[in-house]
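See below for the structure under consideration.
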Amino acid sequence: MSTSILRLVWIYPDLLSTYGDRGNLLVLSHRAEARQIMTESIMVRSDQVVPREADIYLIGGGEDGPQSLAAQKLIADGAVTDAAARDKVVFSVCAGYQIMGRSFIAGDRQHAGLGLLDITSDRGPTRAVGELAGDVHPQLGLPTLTGFENHGGRTHIGQESAPLVPQVSHGIGNDETSEGAWRGKVIGTYLHGPALARNPQLADLLLSWAVGRPVDQLGQLDDTWSQQLRQERLAALA
Ligand code: GLN
């Protein structure tokens with residue numbers, strides 16, 4: 001952690017807040033503060049400079065126009081690229097996930113991403129809308145990932161990143177096989193929900209990376225409600 005306060009940055013609420021992914025910021029802040037880890041949540045509009053000194057950077061989903069504008073601005077700003085190089089945590093969703101990759105298609109044109117994940121995104125034959133579930137990459141030590149996807153893009157993972165879910169059991173995800181990607185402390189997923197409310201252990205993994213403490217030393221929280229929601233959604237897919 002760069003200071004005694006955990007600094008959380010929500011990138012470009014004016015461009016990429018279409019799908020309620022700002023809930024991820026609220027979940028992280030709540031789960032940190034419940035463990036007496038004080039947080040500061042910083043909203044950075046697209047006409048502002050992204051802070052260099054922060055612990056977790058979050059970016060959400062959006063439509064094609066705002067997505068390509070956000071990518072251009074983040075490349076020019078450089079702070080997220082710099083933060084990832086310093087091993088800071090980046091959690092990206094849908095349009096934000098595609099922006100973390102090498103390139104993506106928006107408005108029938110290819111756009112450059114930040115290249116923090118070794119992924120490229122193009123267009124799929126259909127829009128992927130609905131519930132998704134699948135077992136998480138074993139190295140991350142997390143339970144089944146569950147959430148809601150809503151995207152037209154398809155994503156292909158290169159050698160330098162690993163899938164978040166190697167094989168989906170329901171839904172489309174990246175390409176009807178895998179879902180999401182990660183490299184170091186940069187994670188991307190197609191899942192809304194918001195993803196961290198649907199997957200609280202993933203939220204705790206991000207917190208543990210940010211504070212440099214193992215997950216089992218963060219302290220237990222009462223997750224009855226989110227576990228109930230997870231079970232309901234997974235049972236509906238069975
Ligand atoms: N525009 C992107 C796509 O359709 C991202 C959509 C989203 O963020 N939900 O693939």
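Identifiers for the structure tokens are assigned positionally: chains receive A, B, ... in sequence, residues are indexed from 1 per chain, and ligands are indexed from 1 in the order shown.
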Discussion item. I need the residues in segment 33-206 of chain A that are helix (DSSP H, G or I) according to DSSP; give them as a ChimeraX atom specification.
Written reply: /A:33,64-77,79-85,95-99,138-140,195-198,200-206
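Residues of protein or nucleic acid lying within 6 Å of ligand 1, counting only C-alpha atoms and all ligand atoms, are Gly61, Gly62, Glu63, Asp64, Cys94, Ala95, Asn150, His151, Gly152 and Gly153 of chain A.
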Writing out the chosen residues with all heavy atoms as a PDB file, in the first residue's frame:
```
ATOM      1  N   GLY A  61     -17.708  -0.978 -17.763  1.00  0.00           N
ATOM      2  CA  GLY A  61     -18.207  -1.198 -19.120  1.00  0.00           C
ATOM      3  C   GLY A  61     -18.825   0.054 -19.709  1.00  0.00           C
ATOM      4  O   GLY A  61     -19.128   1.016 -19.002  1.00  0.00           O
ATOM      5  N   GLY A  62     -19.010   0.036 -21.019  1.00  0.00           N
ATOM      6  CA  GLY A  62     -19.630   1.176 -21.692  1.00  0.00           C
ATOM      7  C   GLY A  62     -19.838   0.878 -23.159  1.00  0.00           C
ATOM      8  O   GLY A  62     -19.480  -0.197 -23.639  1.00  0.00           O
ATOM      9  N   GLU A  63     -20.385   1.840 -23.834  1.00  0.00           N
ATOM     10  CA  GLU A  63     -20.674   1.657 -25.264  1.00  0.00           C
ATOM     11  C   GLU A  63     -19.441   1.999 -26.097  1.00  0.00           C
ATOM     12  O   GLU A  63     -18.457   2.532 -25.591  1.00  0.00           O
ATOM     13  CB  GLU A  63     -21.874   2.519 -25.654  1.00  0.00           C
ATOM     14  CG  GLU A  63     -23.132   2.191 -24.862  1.00  0.00           C
ATOM     15  CD  GLU A  63     -23.428   0.688 -24.792  1.00  0.00           C
ATOM     16  OE1 GLU A  63     -23.263   0.005 -25.819  1.00  0.00           O
ATOM     17  OE2 GLU A  63     -23.811   0.193 -23.730  1.00  0.00           O
ATOM     18  N   ASP A  64     -19.526   1.690 -27.398  1.00  0.00           N
ATOM     19  CA  ASP A  64     -18.341   1.768 -28.265  1.00  0.00           C
ATOM     20  C   ASP A  64     -17.685   3.151 -28.307  1.00  0.00           C
ATOM     21  O   ASP A  64     -16.450   3.247 -28.227  1.00  0.00           O
ATOM     22  CB  ASP A  64     -18.721   1.364 -29.697  1.00  0.00           C
ATOM     23  CG  ASP A  64     -18.834  -0.139 -29.853  1.00  0.00           C
ATOM     24  OD1 ASP A  64     -18.807  -0.842 -28.815  1.00  0.00           O
ATOM     25  OD2 ASP A  64     -18.948  -0.622 -31.006  1.00  0.00           O
ATOM     26  N   CYS A  94     -15.497  -5.539 -18.916  1.00  0.00           N
ATOM     27  CA  CYS A  94     -16.128  -5.431 -20.233  1.00  0.00           C
ATOM     28  C   CYS A  94     -15.417  -4.421 -21.145  1.00  0.00           C
ATOM     29  O   CYS A  94     -14.308  -4.704 -21.579  1.00  0.00           O
ATOM     30  CB  CYS A  94     -17.613  -5.153 -20.066  1.00  0.00           C
ATOM     31  SG  CYS A  94     -18.553  -5.793 -21.457  1.00  0.00           S
ATOM     32  N   ALA A  95     -15.996  -3.253 -21.426  1.00  0.00           N
ATOM     33  CA  ALA A  95     -15.273  -2.288 -22.265  1.00  0.00           C
ATOM     34  C   ALA A  95     -13.922  -1.971 -21.632  1.00  0.00           C
ATOM     35  O   ALA A  95     -12.897  -1.880 -22.330  1.00  0.00           O
ATOM     36  CB  ALA A  95     -16.095  -1.013 -22.430  1.00  0.00           C
ATOM     37  N   ASN A 150     -22.893  -8.872 -20.963  1.00  0.00           N
ATOM     38  CA  ASN A 150     -23.661  -8.133 -21.967  1.00  0.00           C
ATOM     39  C   ASN A 150     -22.668  -7.426 -22.885  1.00  0.00           C
ATOM     40  O   ASN A 150     -22.232  -6.315 -22.604  1.00  0.00           O
ATOM     41  CB  ASN A 150     -24.582  -7.115 -21.282  1.00  0.00           C
ATOM     42  CG  ASN A 150     -25.441  -6.373 -22.277  1.00  0.00           C
ATOM     43  OD1 ASN A 150     -25.327  -6.568 -23.493  1.00  0.00           O
ATOM     44  ND2 ASN A 150     -26.298  -5.501 -21.787  1.00  0.00           N
ATOM     45  N   HIS A 151     -22.258  -8.110 -23.944  1.00  0.00           N
ATOM     46  CA  HIS A 151     -21.221  -7.538 -24.831  1.00  0.00           C
ATOM     47  C   HIS A 151     -21.330  -8.123 -26.231  1.00  0.00           C
ATOM     48  O   HIS A 151     -21.833  -9.237 -26.411  1.00  0.00           O
ATOM     49  CB  HIS A 151     -19.821  -7.828 -24.264  1.00  0.00           C
ATOM     50  CG  HIS A 151     -19.545  -9.288 -23.989  1.00  0.00           C
ATOM     51  ND1 HIS A 151     -18.802 -10.062 -24.835  1.00  0.00           N
ATOM     52  CD2 HIS A 151     -19.918 -10.103 -22.972  1.00  0.00           C
ATOM     53  CE1 HIS A 151     -18.726 -11.299 -24.346  1.00  0.00           C
ATOM     54  NE2 HIS A 151     -19.397 -11.351 -23.219  1.00  0.00           N
ATOM     55  N   GLY A 152     -20.828  -7.338 -27.188  1.00  0.00           N
ATOM     56  CA  GLY A 152     -20.795  -7.816 -28.567  1.00  0.00           C
ATOM     57  C   GLY A 152     -19.426  -8.361 -28.934  1.00  0.00           C
ATOM     58  O   GLY A 152     -19.285  -9.139 -29.881  1.00  0.00           O
ATOM     59  N   GLY A 153     -18.404  -7.940 -28.183  1.00  0.00           N
ATOM     60  CA  GLY A 153     -17.031  -8.326 -28.518  1.00  0.00           C
ATOM     61  C   GLY A 153     -16.686  -9.756 -28.133  1.00  0.00           C
ATOM     62  O   GLY A 153     -17.353 -10.368 -27.291  1.00  0.00           O
TER      63      GLY A 153
END
```
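Here the question is which of A:Leu229, A:Ala181, A:Ala203, A:Leu234 gets nearest to Gly134 of chain A using only C-alpha atoms, and that residue is A:Leu234.
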Members of segment 7-228 of chain A assigned strand (DSSP E or B) by DSSP, as a ChimeraX atom specification = /A:7-11,39-44,56-59,89-93,103-106,109-112,119-135,145-157,162-165,167-170,179-183,186-189,192
Between atom CA of Phe91 of chain A and atom CA of Ala195 of chain A lies a distance of 10.1 Å
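Taking only C-alpha atoms, the non-local environment of Arg35 of chain A within 10 Å (same-chain residues fewer than 5 positions away omitted) comprises His30, Leu218, Gly219, Gln220 and Leu221 of chain A.
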Could you write out the selected residues, including C-alpha atoms, as a short mmCIF file (atom, residue, chain, number, x, y, z; two decimals), in the first residue's frame?
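Generated file (again.cif):
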```cif
data_model
loop_
_atom_site.label_atom_id
_atom_site.label_comp_id
_atom_site.auth_asym_id
_atom_site.auth_seq_id
_atom_site.Cartn_x
_atom_site.Cartn_y
_atom_site.Cartn_z
CA HIS A 30 -16.96 -1.58 2.23
CA LEU A 218 -7.90 -10.04 6.16
CA GLY A 219 -10.56 -11.19 8.63
CA GLN A 220 -13.86 -12.93 8.05
CA LEU A 221 -16.97 -10.96 7.00
#
```
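Rounded to one decimal, atom CA of Asn199 of chain A and atom CA of Lys73 of chain A lie 29.6 Å from each other.
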